[in-house]
file my_file39.cif (mmCIF, C-alpha atoms)
data_upload
loop_
_atom_site.label_atom_id
_atom_site.label_comp_id
_atom_site.auth_asym_id
_atom_site.auth_seq_id
_atom_site.Cartn_x
_atom_site.Cartn_y
_atom_site.Cartn_z
CA MET F 1 97.13 189.74 84.39
CA ASN F 2 99.14 187.74 86.90
CA LEU F 3 96.34 188.34 89.36
CA VAL F 4 93.71 186.74 87.11
CA GLU F 5 95.93 183.75 86.35
CA LEU F 6 96.77 183.34 90.02
CA GLY F 7 93.11 183.50 91.04
CA LEU F 8 91.93 181.02 88.42
CA TYR F 9 94.69 178.54 89.15
CA PHE F 10 94.24 178.70 92.91
CA ALA F 11 90.49 178.23 92.45
CA LEU F 12 91.14 175.07 90.40
CA LEU F 13 93.56 173.82 93.03
CA SER F 14 90.94 174.42 95.70
CA LEU F 15 88.83 171.69 94.11
CA VAL F 16 91.56 169.05 94.42
CA SER F 17 92.90 170.13 97.83
CA VAL F 18 91.81 166.99 99.72
CA GLY F 19 93.63 167.03 103.04
CA GLY F 20 93.89 170.81 103.04
CA LEU F 21 96.78 173.11 102.29
CA PRO F 22 99.61 170.64 103.06
CA SER F 23 98.41 168.50 100.15
CA VAL F 24 98.63 171.29 97.58
CA MET F 25 102.02 172.75 98.61
CA PRO F 26 103.96 170.70 95.99
CA GLU F 27 101.62 171.95 93.28
CA LEU F 28 101.79 175.55 94.52
CA GLN F 29 105.57 175.35 94.35
CA ARG F 30 105.55 173.71 90.94
CA TYR F 31 103.24 176.37 89.56
CA VAL F 32 104.49 179.62 91.09
CA VAL F 33 108.22 178.70 91.13
CA ASP F 34 108.88 176.20 88.30
CA VAL F 35 106.21 177.12 85.76
CA LYS F 36 105.61 180.84 86.31
CA GLY F 37 108.84 181.94 87.98
CA TRP F 38 106.90 184.40 90.18
CA LEU F 39 108.86 183.32 93.26
CA THR F 40 112.37 181.88 93.65
CA PRO F 41 112.70 178.51 95.44
CA SER F 42 114.18 180.41 98.38
CA ASP F 43 111.25 182.90 98.48
CA PHE F 44 108.87 179.98 98.53
CA ILE F 45 110.30 178.16 101.54
CA GLN F 46 110.55 181.46 103.42
CA ALA F 47 106.90 182.32 102.75
CA PHE F 48 106.02 178.82 103.92
CA ALA F 49 108.10 179.27 107.08
CA VAL F 50 106.49 182.60 108.00
CA GLY F 51 103.03 181.15 107.38
CA GLN F 52 103.73 178.10 109.56
CA ALA F 53 105.20 180.10 112.42
CA ALA F 54 102.41 182.70 112.58
CA PRO F 55 99.20 181.85 114.42
CA GLY F 56 96.14 181.04 112.36
CA PRO F 57 95.03 178.55 109.72
CA ASN F 58 97.97 177.41 107.56
CA VAL F 59 95.99 178.18 104.40
CA LEU F 60 97.16 181.77 104.96
CA ILE F 61 100.43 180.68 103.33
CA ALA F 62 98.50 181.03 100.07
CA SER F 63 97.94 184.72 100.82
CA LEU F 64 101.70 185.23 101.30
CA ILE F 65 102.32 183.73 97.89
CA GLY F 66 99.63 186.04 96.50
CA TRP F 67 101.32 188.98 98.21
CA LYS F 68 104.65 188.14 96.56
CA VAL F 69 102.97 187.90 93.15
CA ALA F 70 100.67 190.95 93.22
CA GLY F 71 100.78 192.80 96.55
CA LEU F 72 97.70 193.25 98.71
CA PRO F 73 95.16 192.43 95.97
CA GLY F 74 97.18 189.27 95.34
CA ALA F 75 96.94 188.30 99.01
CA PHE F 76 93.14 188.67 98.99
CA VAL F 77 92.66 186.95 95.65
CA ALA F 78 94.92 184.01 96.53
CA LEU F 79 93.20 183.35 99.86
CA GLY F 80 89.71 183.80 98.44
CA ALA F 81 90.41 181.64 95.41
CA ILE F 82 91.88 178.75 97.36
CA CYS F 83 89.05 178.78 99.92
CA PHE F 84 85.90 179.65 97.97
CA PRO F 85 85.33 176.65 95.65
CA ALA F 86 86.07 174.25 98.51
CA ALA F 87 83.75 176.26 100.77
CA VAL F 88 80.92 175.92 98.24
CA ILE F 89 81.48 172.15 98.18
CA ALA F 90 81.52 172.00 101.99
CA TRP F 91 78.29 174.02 102.08
CA TRP F 92 76.47 171.57 99.79
CA VAL F 93 78.04 168.29 100.86
CA ALA F 94 77.77 168.53 104.65
CA GLU F 95 74.10 167.52 104.73
CA LEU F 96 74.36 164.98 101.92
CA TRP F 97 77.21 163.35 103.79
CA GLU F 98 75.04 163.02 106.87
CA ARG F 99 72.16 161.58 104.83
CA PHE F 100 74.37 158.90 103.25
CA LYS F 101 75.85 157.83 106.57
CA ASP F 102 75.28 154.13 105.91
CA SER F 103 75.88 154.14 102.17
CA PRO F 104 78.68 151.79 101.01
CA TRP F 105 79.79 154.54 98.61
CA ARG F 106 80.40 156.96 101.44
CA LYS F 107 82.54 154.37 103.20
CA ALA F 108 84.43 153.62 99.99
CA ILE F 109 85.14 157.32 99.43
CA GLN F 110 86.38 157.74 102.99
CA ARG F 111 88.72 154.79 102.67
CA ALA F 112 89.86 155.93 99.22
CA ILE F 113 90.81 159.44 100.27
CA ALA F 114 92.96 158.47 103.27
CA PRO F 115 95.97 157.02 101.36
CA ILE F 116 95.85 159.87 98.82
CA VAL F 117 96.05 162.45 101.60
CA VAL F 118 99.02 160.58 103.11
CA GLY F 119 100.80 160.45 99.74
CA MET F 120 100.23 164.17 99.16
CA ILE F 121 101.38 165.31 102.60
CA LEU F 122 104.49 163.13 102.36
CA SER F 123 105.24 164.62 98.92
CA SER F 124 104.69 168.06 100.37
CA GLY F 125 107.26 167.56 103.13
CA VAL F 126 109.88 166.23 100.74
CA VAL F 127 109.30 168.90 98.08
CA LEU F 128 109.41 171.72 100.65
CA ALA F 129 112.64 170.40 102.16
CA THR F 130 114.17 170.42 98.67
CA PRO F 131 113.88 173.98 97.32
CA GLY F 132 116.13 174.08 94.27
CA SER F 133 118.93 171.53 94.43
CA PRO F 134 119.05 168.88 97.19
CA ASP F 135 120.71 170.15 100.38
CA TRP F 136 121.58 167.65 103.14
CA ARG F 137 121.32 170.36 105.80
CA LEU F 138 117.65 171.02 105.04
CA TRP F 139 116.95 167.27 104.95
CA LEU F 140 118.67 166.87 108.33
CA ILE F 141 116.51 169.61 109.90
CA ALA F 142 113.38 168.14 108.34
CA GLY F 143 114.30 164.61 109.46
CA LEU F 144 114.93 165.74 113.04
CA ALA F 145 111.63 167.65 113.17
CA ALA F 146 109.74 164.62 111.82
CA ALA F 147 111.42 162.29 114.32
CA GLY F 148 110.83 164.73 117.19
CA MET F 149 107.18 165.10 116.34
CA LEU F 150 106.69 161.32 116.18
CA ALA F 151 108.56 160.69 119.43
CA THR F 152 107.02 163.45 121.60
CA LYS F 153 103.77 165.33 122.14
CA LEU F 154 105.34 168.80 122.24
CA ASN F 155 103.66 171.78 120.56
CA PRO F 156 104.92 171.85 116.94
CA LEU F 157 106.18 175.40 117.51
CA TRP F 158 109.11 173.96 119.48
CA PHE F 159 110.27 172.04 116.43
CA LEU F 160 109.95 175.13 114.24
CA ALA F 161 112.04 177.07 116.78
CA ALA F 162 114.66 174.31 116.89
CA GLY F 163 114.71 174.27 113.09
CA GLY F 164 115.38 178.02 113.11
CA GLY F 165 118.26 177.53 115.55
CA LEU F 166 119.77 174.76 113.44
CA GLY F 167 119.30 176.93 110.36
CA ALA F 168 121.35 179.71 111.95
CA LEU F 169 124.13 177.23 112.76
CA LEU F 170 124.21 175.25 109.53
CA LEU F 171 123.00 177.43 106.69
CA MET I 1 93.85 166.93 113.64
CA GLU I 2 95.13 164.32 116.08
CA ASP I 3 95.24 166.34 119.22
CA HIS I 4 91.58 166.50 120.07
CA ASN I 5 91.53 162.71 120.39
CA LYS I 6 93.57 162.78 123.54
CA ASN I 7 90.78 164.73 125.23
CA ASP I 8 88.64 161.60 125.47
CA THR I 9 88.58 161.81 129.24
CA ARG I 10 86.70 165.08 129.05
CA ALA I 11 84.14 163.71 126.63
CA GLY I 12 82.02 162.35 129.46
CA MET I 13 81.87 165.78 131.03
CA SER I 14 80.65 167.51 127.91
CA GLY I 15 78.02 164.79 127.62
CA ILE I 16 76.53 165.78 131.00
CA VAL I 17 76.72 169.55 130.64
CA PRO I 18 74.22 170.49 127.93
CA VAL I 19 75.66 172.04 124.81
CA THR I 20 74.38 175.45 123.77
CA PRO I 21 75.03 176.57 120.19
CA PRO I 22 75.97 180.24 119.75
CA GLU I 23 72.92 182.46 120.13
CA THR I 24 73.93 185.39 117.96
CA LEU I 25 76.14 185.96 114.94
CA ARG I 26 78.32 188.05 117.22
CA ASP I 27 78.93 185.03 119.50
CA LEU I 28 79.74 182.94 116.46
CA PHE I 29 82.17 185.54 115.14
CA MET I 30 83.91 185.91 118.50
CA GLY I 31 84.26 182.15 118.94
CA PHE I 32 85.97 181.67 115.60
CA PHE I 33 87.93 184.87 116.14
CA TRP I 34 89.43 183.36 119.32
CA ILE I 35 90.25 180.15 117.52
CA GLY I 36 92.09 182.06 114.80
CA VAL I 37 94.10 184.44 116.96
CA ARG I 38 95.26 181.88 119.53
CA SER I 39 96.16 179.04 117.22
CA PHE I 40 99.92 178.98 117.57
CA GLY I 41 101.28 175.67 116.34
CA GLY I 42 98.10 174.26 114.81
CA VAL I 43 94.44 175.22 114.76
CA MET I 44 92.64 172.03 115.73
CA PRO I 45 93.58 171.85 119.43
CA TRP I 46 92.39 175.46 119.81
CA ALA I 47 89.21 174.80 117.89
CA TYR I 48 88.50 171.93 120.29
CA ARG I 49 89.25 173.99 123.35
CA THR I 50 87.12 176.93 122.21
CA MET I 51 84.08 175.12 120.85
CA VAL I 52 83.88 172.02 123.07
CA GLU I 53 85.47 172.98 126.39
CA GLU I 54 84.99 176.71 126.80
CA ARG I 55 81.88 177.70 124.85
CA ARG I 56 80.28 174.24 124.77
CA TRP I 57 78.82 174.70 121.32
CA LEU I 58 79.43 171.06 120.46
CA THR I 59 79.90 167.71 122.16
CA HIS I 60 83.19 165.90 121.79
CA ALA I 61 81.56 163.34 119.47
CA ASP I 62 79.98 166.03 117.32
CA PHE I 63 83.28 167.88 117.01
CA THR I 64 85.12 164.71 116.00
CA GLU I 65 82.44 163.85 113.44
CA THR I 66 82.43 167.34 111.93
CA ILE I 67 86.21 167.61 111.71
CA GLY I 68 86.34 164.10 110.26
CA LEU I 69 84.05 165.21 107.44
CA CYS I 70 86.06 168.39 106.87
CA GLN I 71 89.26 166.39 106.51
CA PHE I 72 87.76 164.48 103.60
CA LEU I 73 86.49 167.55 101.81
CA PRO I 74 88.85 169.62 99.68
CA GLY I 75 89.96 172.90 101.24
CA PRO I 76 91.41 173.94 104.58
CA ASN I 77 89.97 171.71 107.33
CA ILE I 78 89.20 174.45 109.82
CA GLY I 79 87.94 176.75 107.05
CA ASN I 80 85.49 174.03 106.02
CA ALA I 81 84.48 173.56 109.65
CA SER I 82 83.63 177.27 109.87
CA ILE I 83 81.42 176.92 106.76
CA VAL I 84 79.68 173.73 107.91
CA LEU I 85 79.07 174.85 111.51
CA GLY I 86 78.12 178.41 110.54
CA LYS I 87 75.54 176.98 108.14
CA ARG I 88 74.19 174.59 110.75
CA TRP I 89 73.55 177.39 113.25
CA PHE I 90 72.73 180.46 111.14
CA GLY I 91 72.61 179.49 107.46
CA LEU I 92 74.58 181.41 104.87
CA SER I 93 75.26 184.43 107.08
CA GLY I 94 76.63 182.03 109.71
CA SER I 95 79.09 180.53 107.25
CA VAL I 96 80.31 183.93 106.12
CA VAL I 97 80.62 185.30 109.66
CA ALA I 98 82.42 182.22 111.03
CA PHE I 99 84.87 182.17 108.12
CA LEU I 100 85.64 185.89 108.45
CA GLY I 101 86.01 185.60 112.22
CA LEU I 102 88.51 182.79 111.76
CA MET I 103 90.61 184.44 109.06
CA ALA I 104 90.45 188.21 109.58
CA LEU I 105 93.08 188.86 112.23
CA PRO I 106 95.48 186.00 111.36
CA PHE I 107 95.41 187.28 107.76
CA ILE I 108 96.55 190.73 108.91
CA TRP I 109 99.15 189.30 111.29
CA VAL I 110 100.75 186.94 108.83
CA LEU I 111 100.94 189.64 106.15
CA ALA I 112 102.42 192.14 108.60
CA LEU I 113 104.98 189.61 109.79
CA PHE I 114 105.88 188.77 106.20
CA ILE I 115 106.25 192.43 105.22
CA VAL I 116 108.52 193.11 108.19
CA TYR I 117 110.48 189.98 107.38
CA SER I 118 110.82 190.89 103.70
CA ASP I 119 112.42 194.19 104.72
CA LEU I 120 114.93 192.40 106.92
CA SER I 121 115.61 189.37 104.76
CA SER I 122 118.84 190.81 103.34
CA ASN I 123 120.25 189.82 106.74
CA ALA I 124 121.91 186.46 106.04
CA THR I 125 121.51 185.05 109.56
CA LEU I 126 117.80 185.87 109.70
CA LYS I 127 117.32 184.29 106.31
CA ALA I 128 119.10 181.14 107.51
CA VAL I 129 116.85 181.01 110.61
CA VAL I 130 113.68 181.34 108.55
CA THR I 131 114.85 178.77 106.01
CA GLY I 132 115.56 176.42 108.93
CA VAL I 133 112.02 177.01 110.21
CA GLY I 134 110.73 176.14 106.75
CA ALA I 135 112.73 172.90 106.67
CA ALA I 136 111.40 171.99 110.12
CA GLY I 137 107.86 172.75 108.90
CA ALA I 138 108.49 170.40 105.98
CA GLY I 139 109.65 167.78 108.50
CA LEU I 140 106.40 168.19 110.45
CA PHE I 141 104.48 167.34 107.27
CA ILE I 142 106.62 164.22 106.82
CA GLY I 143 105.95 163.28 110.45
CA THR I 144 102.20 163.84 109.96
CA ALA I 145 102.23 161.64 106.86
CA ILE I 146 104.01 158.85 108.75
CA LYS I 147 101.57 159.16 111.65
CA LEU I 148 98.52 158.97 109.38
CA GLY I 149 100.17 156.32 107.20
CA ARG I 150 100.74 153.91 110.09
CA ALA I 151 97.01 153.28 110.29
CA LEU I 152 97.07 152.17 106.65
CA ALA I 153 100.28 150.13 106.77
CA LYS I 154 98.53 146.76 106.89
CA LYS I 155 96.84 147.33 103.54
CA PRO I 156 99.20 146.70 100.59
CA ALA I 157 96.90 148.58 98.18
CA ALA I 158 97.06 151.68 100.39
CA LEU I 159 100.88 151.55 100.42
CA VAL I 160 100.93 151.20 96.63
CA LEU I 161 98.66 154.24 96.31
CA ILE I 162 100.78 156.29 98.70
CA ALA I 163 103.94 155.34 96.79
CA ALA I 164 102.32 156.09 93.43
CA CYS I 165 101.11 159.53 94.59
CA PHE I 166 104.57 160.28 95.96
CA ALA I 167 106.34 159.18 92.77
CA LEU I 168 104.03 161.27 90.58
CA VAL I 169 103.89 164.41 92.73
CA ALA I 170 107.27 164.63 94.48
CA VAL I 171 109.54 162.89 91.97
CA ALA I 172 107.99 163.31 88.51
CA ARG I 173 106.35 166.65 89.52
CA VAL I 174 103.12 165.89 87.68
CA SER I 175 100.34 168.43 88.31
CA LEU I 176 97.93 167.72 91.14
CA LEU I 177 95.11 168.61 88.78
CA MET I 178 95.94 165.34 86.98
CA VAL I 179 97.05 163.19 89.91
CA VAL I 180 94.19 163.76 92.37
CA PRO I 181 91.23 162.93 90.06
CA ILE I 182 92.97 159.83 88.67
CA ALA I 183 94.16 158.63 92.08
CA LEU I 184 90.68 159.18 93.51
CA GLY I 185 89.07 157.15 90.75
CA VAL I 186 91.51 154.26 91.19
CA ALA I 187 91.23 154.42 94.99
CA VAL I 188 87.42 154.39 95.02
CA LEU I 189 87.43 151.30 92.77
CA ALA I 190 89.99 149.65 95.03
CA ALA I 191 87.94 150.52 98.10
CA ARG I 192 84.78 149.09 96.52
CA ARG I 193 86.68 145.82 95.98
CA GLY I 194 87.64 145.81 99.65
CA TRP I 195 91.35 146.44 99.08
CA LEU I 196 91.46 149.63 101.15
#
call {"tool": "encode", "arguments": {"input": "my_file39.cif", "output": "structure tokens"}}
result
Amino acid sequence: MNLVELGLYFALLSLVSVGGLPSVMPELQRYVVDVKGWLTPSDFIQAFAVGQAAPGPNVLIASLIGWKVAGLPGAFVALGAICFPAAVIAWWVAELWERFKDSPWRKAIQRAIAPIVVGMILSSGVVLATPGSPDWRLWLIAGLAAAGMLATKLNPLWFLAAGGGLGALLL
Amino acid sequence: MEDHNKNDTRAGMSGIVPVTPPETLRDLFMGFFWIGVRSFGGVMPWAYRTMVEERRWLTHADFTETIGLCQFLPGPNIGNASIVLGKRWFGLSGSVVAFLGLMALPFIWVLALFIVYSDLSSNATLKAVVTGVGAAGAGLFIGTAIKLGRALAKKPAALVLIAACFALVAVARVSLLMVVPIALGVAVLAARRGWL
């Protein structure tokens, strides 16, 4: 039963996932942690961490959440559900988008989506750094990683590694 | 999503050398397979390297255009790129093959890593390390938002929209299924009036 609910909800989320997986992380957390209680806040940030550190598209984090909820079938269903509706849209829209290159509506949509994506990704960072009750140590690590990323051109993996080191010291 | 821009200097080169799209589904699969398995620390730089520099399937401009489109569509950017490019070259079978090539091995790896980790996570130090990695990952999202937001900072309406999305999603914890359609409607109207 959980599997069906998970699949349907992830498929709905797929349709609103402008900006990709980072945008939907707050909603994933709200749903699987706050509403359903399938994962604890601590489980959630750890699944996110493993998904970020491993190579591959970050949408695979969804499959880790599915795994926690319903094992291997959950992993497949979660990944398929979050990708498939969006993939169908991509399949149909790619050519339309090209055809309406000079349409004022296309330009309006492009300009409209940009601030929404920024708002969602910002929310995502703050929500992920606040699993459960606010913890200054997590905010410090997040703040340092954000500052480091903005100030340098290093591979993001270095900041994840540094975050792990700080975690061992502080947490 | 930003990193391929710094490769502008190489764009001229890929303009001279003719691009050759993948000839077989096997080529297509292997190309996306290499993108997936090598993409430590973000997929886009590896997608650029594989498709533009090494295999020369696409020009720099074509890559930028395609990824730009995929960033506006819902769904994972690189996943959408596999669908769009697979379709362009081989139709439906191309989309399926490119998507599977991209996801197959990383899917196994990330699950295996997570299973191993789950067995060891009673170790308090390891748990602290992984939680720290998660917090740093959250920080990278904040950094990305600031980076993308800078381009919009001169438009008051964009800042209002960003703040409203943040207040609804991060503070009030309203469902995205409500916030995104409403925000999109408001934003398209604002854009049509020239505010964005």
call {"tool": "closest_residue", "arguments": {"input": "my_file39.cif", "among": "F:Gly148, F:Pro85, F:Gly19, F:Gly7", "to": "F:Ile113", "atoms": "all atoms listed in the file"}}
result
F:Gly19
call {"tool": "interface_residues", "arguments": {"input": "my_file39.cif", "of": "chain I", "to": "chain F", "cutoff": "7 Å", "atoms": "only C-alpha atoms", "output": "PyMOL selection string"}}
result
chain I and resi 36-41+43+71-77+80+83-84+106-107+110-111+114+125+128-143+145+148-149+158+161-163+165-166+169-170+175-177+180+184+187-188+191-192+196
call {"tool": "atom_distance", "arguments": {"input": "my_file39.cif", "atom1": "atom CA of I:Leu120", "atom2": "atom CA of F:Thr40"}}
result
17.1 Å
call {"tool": "resolve_selection", "arguments": {"input": "my_file39.cif", "expression": "the PyMOL selection byres ((chain I and resi 55) around 10)", "output": "count of residues only"}}
result
16
call {"tool": "atom_distance", "arguments": {"input": "my_file39.cif", "atom1": "atom CA of I:Ser95", "atom2": "atom CA of I:Glu65"}}
result
18.1 Å
call {"tool": "atom_distance", "arguments": {"input": "my_file39.cif", "atom1": "atom CA of I:Ala157", "atom2": "atom CA of I:Ala172"}}
result
20.8 Å
call {"tool": "closest_residue", "arguments": {"input": "my_file39.cif", "among": "I:Ile35, I:Ala153, I:Leu28, I:Leu189", "to": "I:Met103", "atoms": "only C-alpha atoms"}}
result
I:Ile35
call {"tool": "build_atoms", "arguments": {"input": "my_file39.cif", "residues": "stretch 90-101 of chain F", "atoms": "N, CA and C atoms", "output": "PDB file, keeping the file's coordinate frame"}}
result
ATOM      1  N   ALA F  90      81.813 172.322 100.587  1.00  0.00           N
ATOM      2  CA  ALA F  90      81.520 172.000 101.990  1.00  0.00           C
ATOM      3  C   ALA F  90      80.071 172.375 102.322  1.00  0.00           C
ATOM      4  N   TRP F  91      79.655 173.528 101.839  1.00  0.00           N
ATOM      5  CA  TRP F  91      78.290 174.020 102.080  1.00  0.00           C
ATOM      6  C   TRP F  91      77.256 173.020 101.580  1.00  0.00           C
ATOM      7  N   TRP F  92      77.443 172.475 100.385  1.00  0.00           N
ATOM      8  CA  TRP F  92      76.470 171.570  99.790  1.00  0.00           C
ATOM      9  C   TRP F  92      76.596 170.149 100.315  1.00  0.00           C
ATOM     10  N   VAL F  93      77.826 169.714 100.584  1.00  0.00           N
ATOM     11  CA  VAL F  93      78.040 168.290 100.860  1.00  0.00           C
ATOM     12  C   VAL F  93      77.733 167.909 102.307  1.00  0.00           C
ATOM     13  N   ALA F  94      77.889 168.869 103.232  1.00  0.00           N
ATOM     14  CA  ALA F  94      77.770 168.530 104.650  1.00  0.00           C
ATOM     15  C   ALA F  94      76.490 167.749 104.953  1.00  0.00           C
ATOM     16  N   GLU F  95      75.360 168.191 104.412  1.00  0.00           N
ATOM     17  CA  GLU F  95      74.100 167.520 104.730  1.00  0.00           C
ATOM     18  C   GLU F  95      73.951 166.201 103.965  1.00  0.00           C
ATOM     19  N   LEU F  96      74.384 166.210 102.696  1.00  0.00           N
ATOM     20  CA  LEU F  96      74.360 164.980 101.920  1.00  0.00           C
ATOM     21  C   LEU F  96      75.138 163.885 102.631  1.00  0.00           C
ATOM     22  N   TRP F  97      76.308 164.290 103.127  1.00  0.00           N
ATOM     23  CA  TRP F  97      77.210 163.350 103.790  1.00  0.00           C
ATOM     24  C   TRP F  97      76.518 162.687 104.965  1.00  0.00           C
ATOM     25  N   GLU F  98      75.780 163.508 105.707  1.00  0.00           N
ATOM     26  CA  GLU F  98      75.040 163.020 106.870  1.00  0.00           C
ATOM     27  C   GLU F  98      73.945 162.035 106.403  1.00  0.00           C
ATOM     28  N   ARG F  99      73.266 162.388 105.321  1.00  0.00           N
ATOM     29  CA  ARG F  99      72.160 161.580 104.830  1.00  0.00           C
ATOM     30  C   ARG F  99      72.641 160.208 104.339  1.00  0.00           C
ATOM     31  N   PHE F 100      73.863 160.168 103.790  1.00  0.00           N
ATOM     32  CA  PHE F 100      74.370 158.900 103.250  1.00  0.00           C
ATOM     33  C   PHE F 100      75.278 158.170 104.236  1.00  0.00           C
ATOM     34  N   LYS F 101      75.009 158.377 105.512  1.00  0.00           N
ATOM     35  CA  LYS F 101      75.850 157.830 106.570  1.00  0.00           C
ATOM     36  C   LYS F 101      76.126 156.330 106.381  1.00  0.00           C
TER      37      LYS F 101
END
